[in-house]
file entry.tsv (TSV, C-alpha atoms and all ligand atoms)
chain	number	residue	atom	x	y	z
A	538	MET	CA	21.68	-0.61	19.49
A	539	ARG	CA	20.61	2.93	20.40
A	540	MET	CA	16.89	2.93	19.64
A	541	LYS	CA	14.04	4.76	21.32
A	542	VAL	CA	10.41	3.71	20.75
A	543	SER	CA	8.50	6.93	21.32
A	544	GLU	CA	4.95	6.31	20.12
A	545	ALA	CA	2.59	3.54	19.06
A	546	LEU	CA	-0.45	4.10	16.84
A	547	SER	CA	-2.71	1.27	15.65
A	548	GLY	CA	0.22	-1.14	15.51
A	549	ILE	CA	2.61	1.43	14.03
A	550	ARG	CA	5.65	2.21	16.15
A	551	VAL	CA	7.62	5.40	15.79
A	552	LEU	CA	11.32	5.06	16.45
A	553	ASP	CA	14.26	7.30	16.91
A	554	LEU	CA	17.09	5.28	15.40
A	555	PHE	CA	20.41	7.06	15.77
A	556	GLY	CA	18.60	10.40	15.56
A	557	GLU	CA	16.50	9.43	12.53
A	558	ALA	CA	12.69	9.11	12.75
A	559	ARG	CA	11.58	5.69	11.48
A	560	ILE	CA	8.38	3.66	11.23
A	561	ALA	CA	8.28	0.06	12.49
A	562	THR	CA	5.88	-2.76	13.28
A	563	GLN	CA	6.01	-5.79	15.52
A	564	PRO	CA	5.13	-8.83	13.38
A	565	LYS	CA	4.12	-12.22	14.77
A	566	VAL	CA	7.32	-13.65	13.28
A	567	PRO	CA	10.11	-11.03	13.20
A	568	VAL	CA	11.88	-12.17	10.04
A	569	PRO	CA	13.11	-9.72	7.37
A	570	VAL	CA	11.24	-9.85	4.05
A	571	TYR	CA	13.40	-7.61	1.85
A	572	GLY	CA	16.54	-7.06	3.88
A	573	GLU	CA	15.03	-4.51	6.26
A	574	ARG	CA	16.46	-4.21	9.77
A	575	ILE	CA	14.93	-6.14	12.67
A	576	VAL	CA	15.74	-4.72	16.08
A	577	ASP	CA	14.28	-6.06	19.33
A	578	GLY	CA	11.52	-7.87	17.39
A	579	LEU	CA	10.55	-4.73	15.46
A	580	ARG	CA	10.70	-4.53	11.65
A	581	ILE	CA	12.03	-1.16	10.66
A	582	TRP	CA	10.36	-0.05	7.43
A	583	ASP	CA	12.52	1.29	4.63
A	584	PRO	CA	10.94	4.38	3.01
A	585	HIS	CA	13.25	3.99	0.01
A	586	ARG	CA	11.90	0.50	-0.70
A	587	SER	CA	8.23	0.87	0.25
A	588	LYS	CA	5.99	3.76	-0.86
A	589	LEU	CA	3.70	3.17	2.13
A	590	ALA	CA	6.75	3.50	4.39
A	591	ALA	CA	7.61	6.73	2.53
A	592	LEU	CA	4.07	8.09	2.99
A	593	LEU	CA	4.03	7.30	6.72
A	594	THR	CA	7.55	8.67	7.23
A	595	LYS	CA	6.72	11.90	5.41
A	596	SER	CA	3.54	12.28	7.49
A	597	LEU	CA	5.54	11.65	10.64
A	598	LEU	CA	8.12	14.28	9.73
A	599	ALA	CA	5.34	16.75	8.88
A	600	GLY	CA	3.56	16.12	12.20
A	601	GLY	CA	0.57	14.46	10.54
A	602	LEU	CA	1.06	10.77	11.29
A	603	ALA	CA	-1.77	10.46	13.83
A	604	GLY	CA	-4.17	12.07	11.33
A	605	LEU	CA	-3.10	9.73	8.54
A	606	VAL	CA	-3.33	6.64	10.75
A	607	GLY	CA	-6.82	7.81	11.76
A	608	VAL	CA	-7.84	8.07	8.11
A	609	LEU	CA	-6.41	4.65	7.27
A	610	ASN	CA	-8.52	3.42	10.20
A	611	LEU	CA	-7.04	-0.08	10.26
A	612	SER	CA	-7.66	-2.41	13.17
A	613	PRO	CA	-6.05	-5.84	13.73
A	614	GLY	CA	-9.01	-7.58	12.05
A	615	SER	CA	-9.32	-5.29	9.01
A	616	SER	CA	-9.32	-6.60	5.45
A	617	VAL	CA	-7.27	-5.05	2.67
A	618	LEU	CA	-7.33	-5.44	-1.11
A	619	TYR	CA	-3.75	-4.90	-2.29
A	620	LEU	CA	-3.38	-4.37	-6.05
A	621	GLY	CA	0.11	-4.82	-7.48
A	622	ALA	CA	1.64	-6.79	-4.61
A	623	ALA	CA	4.82	-7.69	-6.56
A	624	THR	CA	7.04	-9.86	-4.35
A	625	GLY	CA	5.34	-8.61	-1.18
A	626	THR	CA	7.62	-5.88	0.19
A	627	THR	CA	4.82	-3.51	1.19
A	628	ALA	CA	2.14	-6.22	1.38
A	629	SER	CA	4.20	-7.69	4.23
A	630	HIS	CA	4.02	-4.35	6.06
A	631	VAL	CA	0.26	-4.20	5.57
A	632	SER	CA	0.08	-7.79	6.80
A	633	ASP	CA	1.81	-6.66	10.03
A	634	LEU	CA	-0.89	-4.03	10.54
A	635	VAL	CA	-3.81	-6.47	10.24
A	636	PRO	CA	-2.55	-9.58	12.08
A	637	ASP	CA	-6.08	-10.97	12.57
A	638	GLY	CA	-7.42	-9.76	9.24
A	639	LEU	CA	-6.65	-10.54	5.59
A	640	VAL	CA	-4.62	-8.97	2.81
A	641	TYR	CA	-5.91	-10.00	-0.62
A	642	ALA	CA	-2.78	-9.55	-2.72
A	643	VAL	CA	-3.41	-9.27	-6.48
A	644	GLU	CA	-0.43	-9.57	-8.79
A	645	LEU	CA	-0.17	-10.10	-12.53
A	646	SER	CA	3.46	-11.11	-13.00
A	647	PRO	CA	4.17	-14.87	-12.75
A	648	ARG	CA	7.70	-14.16	-11.59
A	649	ALA	CA	6.62	-11.84	-8.78
A	650	ILE	CA	3.80	-14.10	-7.66
A	651	ARG	CA	6.25	-16.97	-7.25
A	652	ASP	CA	8.14	-14.99	-4.59
A	653	LEU	CA	4.87	-13.78	-3.11
A	654	LEU	CA	3.76	-17.39	-2.62
A	655	GLY	CA	6.90	-17.98	-0.54
A	656	LEU	CA	5.98	-14.99	1.64
A	657	CYS	CA	2.43	-16.32	2.05
A	658	GLN	CA	3.79	-19.55	3.51
A	659	ALA	CA	5.35	-17.52	6.33
A	660	ARG	CA	2.32	-15.21	6.75
A	661	ASP	CA	-1.10	-16.77	7.06
A	662	ASN	CA	-3.04	-13.53	6.52
A	663	ILE	CA	-1.97	-12.87	2.91
A	664	VAL	CA	-4.13	-14.41	0.18
A	665	PRO	CA	-2.23	-14.38	-3.14
A	666	ILE	CA	-4.36	-13.80	-6.23
A	667	PHE	CA	-2.69	-14.26	-9.62
A	668	GLU	CA	-4.88	-11.91	-11.63
A	669	ASP	CA	-5.17	-8.65	-13.55
A	670	ALA	CA	-6.47	-5.82	-11.34
A	671	PHE	CA	-8.08	-4.31	-14.43
A	672	HIS	CA	-10.59	-7.19	-14.30
A	673	PRO	CA	-11.81	-7.20	-10.70
A	674	GLU	CA	-14.75	-9.43	-11.57
A	675	ARG	CA	-12.28	-12.29	-12.04
A	676	TYR	CA	-11.44	-12.45	-8.35
A	677	ALA	CA	-14.96	-11.91	-7.02
A	678	SER	CA	-15.13	-15.45	-5.67
A	679	PHE	CA	-12.09	-14.87	-3.42
A	680	LEU	CA	-13.13	-11.57	-1.89
A	681	GLU	CA	-15.38	-9.98	0.68
A	682	PRO	CA	-15.87	-6.17	0.86
A	683	VAL	CA	-12.70	-4.64	2.28
A	684	ASP	CA	-11.82	-1.75	4.62
A	685	LEU	CA	-8.90	-0.51	2.52
A	686	VAL	CA	-7.92	-0.68	-1.14
A	687	TYR	CA	-4.18	-0.16	-1.61
A	688	GLN	CA	-3.00	0.17	-5.20
A	689	ASP	CA	0.50	0.35	-6.63
A	690	VAL	CA	0.35	-1.10	-10.13
A	691	ALA	CA	2.56	1.25	-12.17
A	692	GLN	CA	0.24	1.07	-15.18
A	693	ARG	CA	-1.10	3.58	-17.72
A	694	ASN	CA	-4.69	3.37	-16.44
A	695	GLN	CA	-4.08	3.69	-12.70
A	696	ALA	CA	-7.20	5.75	-11.87
A	697	GLU	CA	-9.40	3.48	-13.97
A	698	ILE	CA	-8.14	0.36	-12.17
A	699	ALA	CA	-8.71	2.05	-8.81
A	700	ASN	CA	-12.24	3.10	-9.78
A	701	LEU	CA	-13.22	-0.43	-10.80
A	702	ASN	CA	-11.93	-2.00	-7.60
A	703	VAL	CA	-13.23	0.72	-5.28
A	704	ALA	CA	-16.71	0.47	-6.82
A	705	ARG	CA	-16.77	-3.27	-6.47
A	706	TYR	CA	-14.94	-4.08	-3.24
A	707	LEU	CA	-14.38	-1.07	-0.97
A	708	LYS	CA	-16.87	-0.73	1.89
A	709	PRO	CA	-18.72	2.60	2.11
A	710	GLY	CA	-16.52	4.88	4.22
A	711	GLY	CA	-13.48	2.70	3.45
A	712	THR	CA	-10.15	4.16	2.41
A	713	LEU	CA	-8.30	4.15	-0.91
A	714	VAL	CA	-4.52	4.55	-0.94
A	715	LEU	CA	-3.35	4.98	-4.52
A	716	MET	CA	0.33	5.21	-5.38
A	717	ILE	CA	0.65	7.08	-8.66
A	718	LYS	CA	3.75	6.52	-10.75
A	719	ALA	CA	3.55	9.37	-13.24
A	720	ARG	CA	6.09	7.93	-15.67
A	721	SER	CA	4.09	4.72	-16.10
A	722	VAL	CA	1.18	6.81	-17.38
A	723	ASP	CA	3.18	9.05	-19.74
A	724	VAL	CA	6.99	9.34	-19.88
A	725	THR	CA	6.90	12.48	-21.99
A	726	ALA	CA	4.46	14.64	-20.00
A	727	ASP	CA	5.12	16.76	-16.90
A	728	PRO	CA	4.88	14.22	-14.02
A	729	LYS	CA	2.95	16.67	-11.85
A	730	GLU	CA	0.32	17.18	-14.54
A	731	VAL	CA	0.04	13.42	-15.06
A	732	ALA	CA	-0.54	12.86	-11.36
A	733	LYS	CA	-3.12	15.67	-11.29
A	734	ALA	CA	-5.02	14.09	-14.18
A	735	GLU	CA	-5.01	10.68	-12.46
A	736	VAL	CA	-6.36	12.23	-9.26
A	737	GLU	CA	-9.08	14.02	-11.25
A	738	GLY	CA	-9.96	10.68	-12.85
A	739	LEU	CA	-10.90	9.09	-9.53
A	740	GLU	CA	-14.59	8.36	-9.08
A	741	GLY	CA	-16.78	7.63	-6.07
A	742	VAL	CA	-14.26	8.87	-3.50
A	743	ASP	CA	-13.63	12.08	-1.57
A	744	LEU	CA	-10.04	13.19	-1.80
A	745	ILE	CA	-8.23	13.52	1.54
A	746	SER	CA	-4.58	14.10	0.61
A	747	VAL	CA	-2.01	13.95	-2.17
A	748	THR	CA	1.61	13.55	-1.05
A	749	ASP	CA	4.71	13.91	-3.19
A	750	LEU	CA	6.92	10.99	-2.12
A	751	ARG	CA	10.24	12.74	-2.75
A	752	PRO	CA	12.97	12.36	-1.57
A	753	TYR	CA	12.23	8.64	-1.22
A	754	HIS	CA	10.55	8.09	-4.62
A	755	GLN	CA	10.88	10.43	-7.59
A	756	ASP	CA	7.75	11.26	-9.64
A	757	HIS	CA	5.49	9.26	-7.33
A	758	TRP	CA	2.47	10.58	-5.44
A	759	ALA	CA	0.43	8.95	-2.69
A	760	VAL	CA	-3.27	9.69	-2.89
A	761	VAL	CA	-5.52	9.02	0.09
A	762	ALA	CA	-9.29	9.15	-0.41
A	763	ARG	CA	-12.44	7.90	1.24
A	764	LYS	CA	-15.29	6.10	-0.51
A	765	SER	CA	-18.19	8.46	-0.54
A	766	SER	CA	-21.08	6.40	-1.88
A	767	ALA	CA	-23.22	4.30	0.44
A	768	VAL	CA	-23.74	1.75	-2.32
A	769	LEU	CA	-21.53	-1.26	-3.05
A	770	LYS	CA	-21.64	-2.26	-6.73
A	771	GLN	CA	-22.16	-6.00	-7.17
A	801	LIG	C1	5.74	-0.94	-8.41
A	801	LIG	S1	5.42	-2.64	-8.40
A	801	LIG	C2	4.62	-2.88	-6.84
A	801	LIG	C3	5.51	-2.80	-5.62
A	801	LIG	C4	4.78	-3.22	-4.38
A	801	LIG	N1	3.51	-2.57	-4.25
A	801	LIG	C5	5.58	-2.96	-3.12
A	801	LIG	O1	5.58	-1.81	-2.64
A	801	LIG	O2	6.11	-3.89	-2.57
A	801	LIG	C6	4.04	-2.77	-9.46
A	801	LIG	C7	3.50	-4.18	-9.57
A	801	LIG	O3	2.21	-4.12	-10.15
A	801	LIG	C8	2.04	-5.27	-10.96
A	801	LIG	N2	0.97	-4.99	-11.90
A	801	LIG	C9	1.01	-4.16	-12.98
A	801	LIG	N3	-0.19	-4.16	-13.58
A	801	LIG	C10	-0.99	-4.98	-12.88
A	801	LIG	C11	-2.35	-5.37	-13.01
A	801	LIG	N4	-3.12	-4.91	-14.01
A	801	LIG	N5	-2.87	-6.25	-12.12
A	801	LIG	C12	-2.09	-6.72	-11.11
A	801	LIG	N6	-0.79	-6.39	-10.93
A	801	LIG	C13	-0.26	-5.52	-11.80
A	801	LIG	C14	3.41	-5.44	-11.60
A	801	LIG	O4	3.58	-6.77	-12.06
A	801	LIG	C15	4.34	-5.10	-10.45
A	801	LIG	O5	4.71	-6.25	-9.73

call {"tool": "encode", "arguments": {"input": "entry.tsv", "output": "C-alpha cells"}}
result
Amino acid sequence: MRMKVSEALSGIRVLDLFGEARIATQPKVPVPVYGERIVDGLRIWDPHRSKLAALLTKSLLAGGLAGLVGVLNLSPGSSVLYLGAATGTTASHVSDLVPDGLVYAVELSPRAIRDLLGLCQARDNIVPIFEDAFHPERYASFLEPVDLVYQDVAQRNQAEIANLNVARYLKPGGTLVLMIKARSVDVTADPKEVAKAEVEGLEGVDLISVTDLRPYHQDHWAVVARKSSAVLKQ
C-alpha cells in the first residue's frame, strides 16, 4: 500500500493515499465501522459518508486544517455531546479523537440506536442516549457540561435544537459544530437562503466559519461557532 503519513494534529493524521489527501485516526481497536479502509492501524475517513470528514478534508485542501483543529480544541479527555448520532458513522470518528473522554450520543430513531448500541459495545467512550434532542432537559441526568456540541439531526428546527443544547450543556468557550441540511428545513426554498437563515437563528455563539460541503454533500453546510456567554443555563 503506497501511503504517506505527513502530519498529525490532535490525533488527526493527514495522509497522502495514492496522491489523494485523506484524513485518518488511529483508534484503540482498528476495526472498520462503516466499511471505511483500515491501513496500518489507521482508519481512513470517508468524506462522502461523514460530514465531519468532509469538513476536515475541505479545510485540509484549503490549507486551513490546523486552524480548524485549533478551534475544535479537542484533547484526548474532552467530552462531546453528539446530537443525531444515527448508527454511529461519525460518532465513531469523534470517539477516536477523544479516547480518554466521552461522546454522549443522542439519537431518536429506535432502528438507528439498535446499531449504535452494537458500536458502543466495541467502544467504551460512547454513551448512547435514546432521546429527542429537542428536549435536552430529558437527558440532564446523563450529562456533564461538554467541550463540543456536534449536531447533525436533519430536522426543520436545526438552529433551535442547537440553541437549546448549547445553552444547557456547552461549556463557556466551547465549540459548536452544526451540520445544516437545507432540504430538511424547506425543500422548496433556495438551499443557500435556508442555511443563511439557520445560521442567523443561532444564539449565544460567535460564528467562526460556514463551509459548503460540496462536492461531498450537496446542500449541506458545516457551521463552526464558539459559545460566547460565560453563563451555563441550568
Ligand atoms: C443525517 S443523520 C445523522 C448521521 C450521523 N451524524 C453521521 O454522520 O454518522 C440524522 C439523524 O438524526 C436523527 N434525529 C433527527 N431528529 C432528531 C432529534 N430530534 N433528536 C435526536 N436525533 C434526531 C435521525 O434519526 C437520524 O439518525

call {"tool": "residues_around", "arguments": {"input": "entry.tsv", "residues": "range 589-594 of chain A", "least_positions_apart": "3", "cutoff": "8 Å", "atoms": "all atoms listed in the file", "output": "CSV table (one decimal) with C-alpha atoms, keeping the file's coordinate frame"}}
result
chain,number,residue,atom,x,y,z
A,558,ALA,CA,12.7,9.1,12.8
A,559,ARG,CA,11.6,5.7,11.5
A,560,ILE,CA,8.4,3.7,11.2
A,582,TRP,CA,10.4,0.0,7.4
A,583,ASP,CA,12.5,1.3,4.6
A,584,PRO,CA,10.9,4.4,3.0
A,585,HIS,CA,13.2,4.0,0.0
A,586,ARG,CA,11.9,0.5,-0.7
A,597,LEU,CA,5.5,11.6,10.6
A,598,LEU,CA,8.1,14.3,9.7
A,602,LEU,CA,1.1,10.8,11.3
A,605,LEU,CA,-3.1,9.7,8.5
A,627,THR,CA,4.8,-3.5,1.2
A,748,THR,CA,1.6,13.6,-1.0
A,750,LEU,CA,6.9,11.0,-2.1
A,753,TYR,CA,12.2,8.6,-1.2
A,754,HIS,CA,10.6,8.1,-4.6
A,759,ALA,CA,0.4,9.0,-2.7

call {"tool": "atom_distance", "arguments": {"input": "entry.tsv", "atom1": "CA of Arg648 in chain A", "atom2": "CA of Ala670 in chain A"}}
result
16.4 Å

call {"tool": "closest_residue", "arguments": {"input": "entry.tsv", "among": "A:Ala642, A:Leu744, A:Leu618, A:Ile666", "to": "Leu707 in chain A", "atoms": "only C-alpha atoms"}}
result
A:Leu618

call {"tool": "residues_near_ligand", "arguments": {"input": "entry.tsv", "ligand": "ligand LIG 801 (chain A)", "cutoff": "9 Å", "atoms": "all atoms listed in the file", "output": "ChimeraX atom specification"}}
result
/A:586-590,619-630,642-650,666-672,687-695,698,716,718

call {"tool": "atom_distance", "arguments": {"input": "entry.tsv", "atom1": "CA of Leu656 in chain A", "atom2": "CA of Pro564 in chain A"}}
result
13.3 Å

call {"tool": "residues_around", "arguments": {"input": "entry.tsv", "residues": "Leu685 in chain A", "least_positions_apart": "2", "cutoff": "10 Å", "atoms": "only C-alpha atoms", "output": "list in words"}}
result
Leu609, Asn610, Leu611, Ser615, Ser616, Val617, Leu618, Tyr619, Val640, Pro682, Val683, Tyr687, Gln688, Val703, Tyr706, Leu707, Lys708, Gly710, Gly711, Thr712, Leu713, Val714, Arg763 and Lys764 of chain A

call {"tool": "atom_distance", "arguments": {"input": "entry.tsv", "atom1": "CA of Glu737 in chain A", "atom2": "CA of Val761 in chain A"}}
result
12.9 Å

call {"tool": "residues_around", "arguments": {"input": "entry.tsv", "residues": "Asp727 in chain A", "least_positions_apart": "6", "cutoff": "10 Å", "atoms": "all atoms listed in the file", "output": "PyMOL selection string"}}
result
chain A and resi 719-720+756

call {"tool": "closest_residue", "arguments": {"input": "entry.tsv", "among": "A:His757, A:Arg651, A:Arg675, A:Arg580", "to": "Pro728 in chain A", "atoms": "all atoms listed in the file"}}
result
A:His757

call {"tool": "residues_around", "arguments": {"input": "entry.tsv", "residues": "Gly548 in chain A", "least_positions_apart": "5", "cutoff": "8 Å", "atoms": "only C-alpha atoms", "output": "list in words"}}
result
Thr562, Gln563, Asp633 and Leu634 of chain A

call {"tool": "closest_residue", "arguments": {"input": "entry.tsv", "among": "A:Gly601, A:Val551, A:Lys565, A:Glu573", "to": "Asp637 in chain A", "atoms": "all atoms listed in the file"}}
result
A:Lys565

call {"tool": "closest_residue", "arguments": {"input": "entry.tsv", "among": "A:Leu546, A:Ala561, A:Leu701, A:Val731", "to": "Ser612 in chain A", "atoms": "only C-alpha atoms"}}
result
A:Leu546

call {"tool": "closest_residue", "arguments": {"input": "entry.tsv", "among": "A:Lys729, A:Lys595, A:Val570, A:Ile717", "to": "Asp652 in chain A", "atoms": "all atoms listed in the file"}}
result
A:Val570

call {"tool": "build_atoms", "arguments": {"input": "entry.tsv", "residues": "range 745-758 of chain A", "atoms": "N, CA and C atoms", "output": "short mmCIF file (atom, residue, chain, number, x, y, z; two decimals), in the coordinates of the input"}}
result
data_model
loop_
_atom_site.label_atom_id
_atom_site.label_comp_id
_atom_site.auth_asym_id
_atom_site.auth_seq_id
_atom_site.Cartn_x
_atom_site.Cartn_y
_atom_site.Cartn_z
N ILE A 745 -8.69 13.07 0.22
CA ILE A 745 -8.23 13.52 1.54
C ILE A 745 -6.84 14.17 1.43
N SER A 746 -5.91 13.51 0.73
CA SER A 746 -4.58 14.10 0.61
C SER A 746 -3.84 13.56 -0.61
N VAL A 747 -2.92 14.38 -1.10
CA VAL A 747 -2.01 13.95 -2.17
C VAL A 747 -0.61 14.32 -1.69
N THR A 748 0.27 13.32 -1.60
CA THR A 748 1.61 13.55 -1.05
C THR A 748 2.67 13.20 -2.07
N ASP A 749 3.54 14.14 -2.34
CA ASP A 749 4.71 13.91 -3.19
C ASP A 749 5.70 13.06 -2.38
N LEU A 750 6.09 11.93 -2.92
CA LEU A 750 6.92 10.99 -2.12
C LEU A 750 8.42 11.25 -2.20
N ARG A 751 8.82 12.38 -2.82
CA ARG A 751 10.24 12.74 -2.75
C ARG A 751 10.61 13.04 -1.31
N PRO A 752 11.79 12.80 -0.83
CA PRO A 752 12.97 12.36 -1.57
C PRO A 752 13.10 10.84 -1.70
N TYR A 753 12.09 10.11 -1.21
CA TYR A 753 12.23 8.64 -1.22
C TYR A 753 11.94 8.04 -2.60
N HIS A 754 10.93 8.60 -3.29
CA HIS A 754 10.55 8.09 -4.62
C HIS A 754 10.28 9.28 -5.54
N GLN A 755 11.01 9.33 -6.62
CA GLN A 755 10.88 10.43 -7.59
C GLN A 755 9.65 10.24 -8.47
N ASP A 756 8.92 11.29 -8.74
CA ASP A 756 7.75 11.26 -9.64
C ASP A 756 6.67 10.27 -9.19
N HIS A 757 6.55 10.10 -7.90
CA HIS A 757 5.49 9.26 -7.33
C HIS A 757 4.67 10.11 -6.35
N TRP A 758 3.35 9.89 -6.37
CA TRP A 758 2.47 10.58 -5.44
C TRP A 758 1.61 9.55 -4.72
#
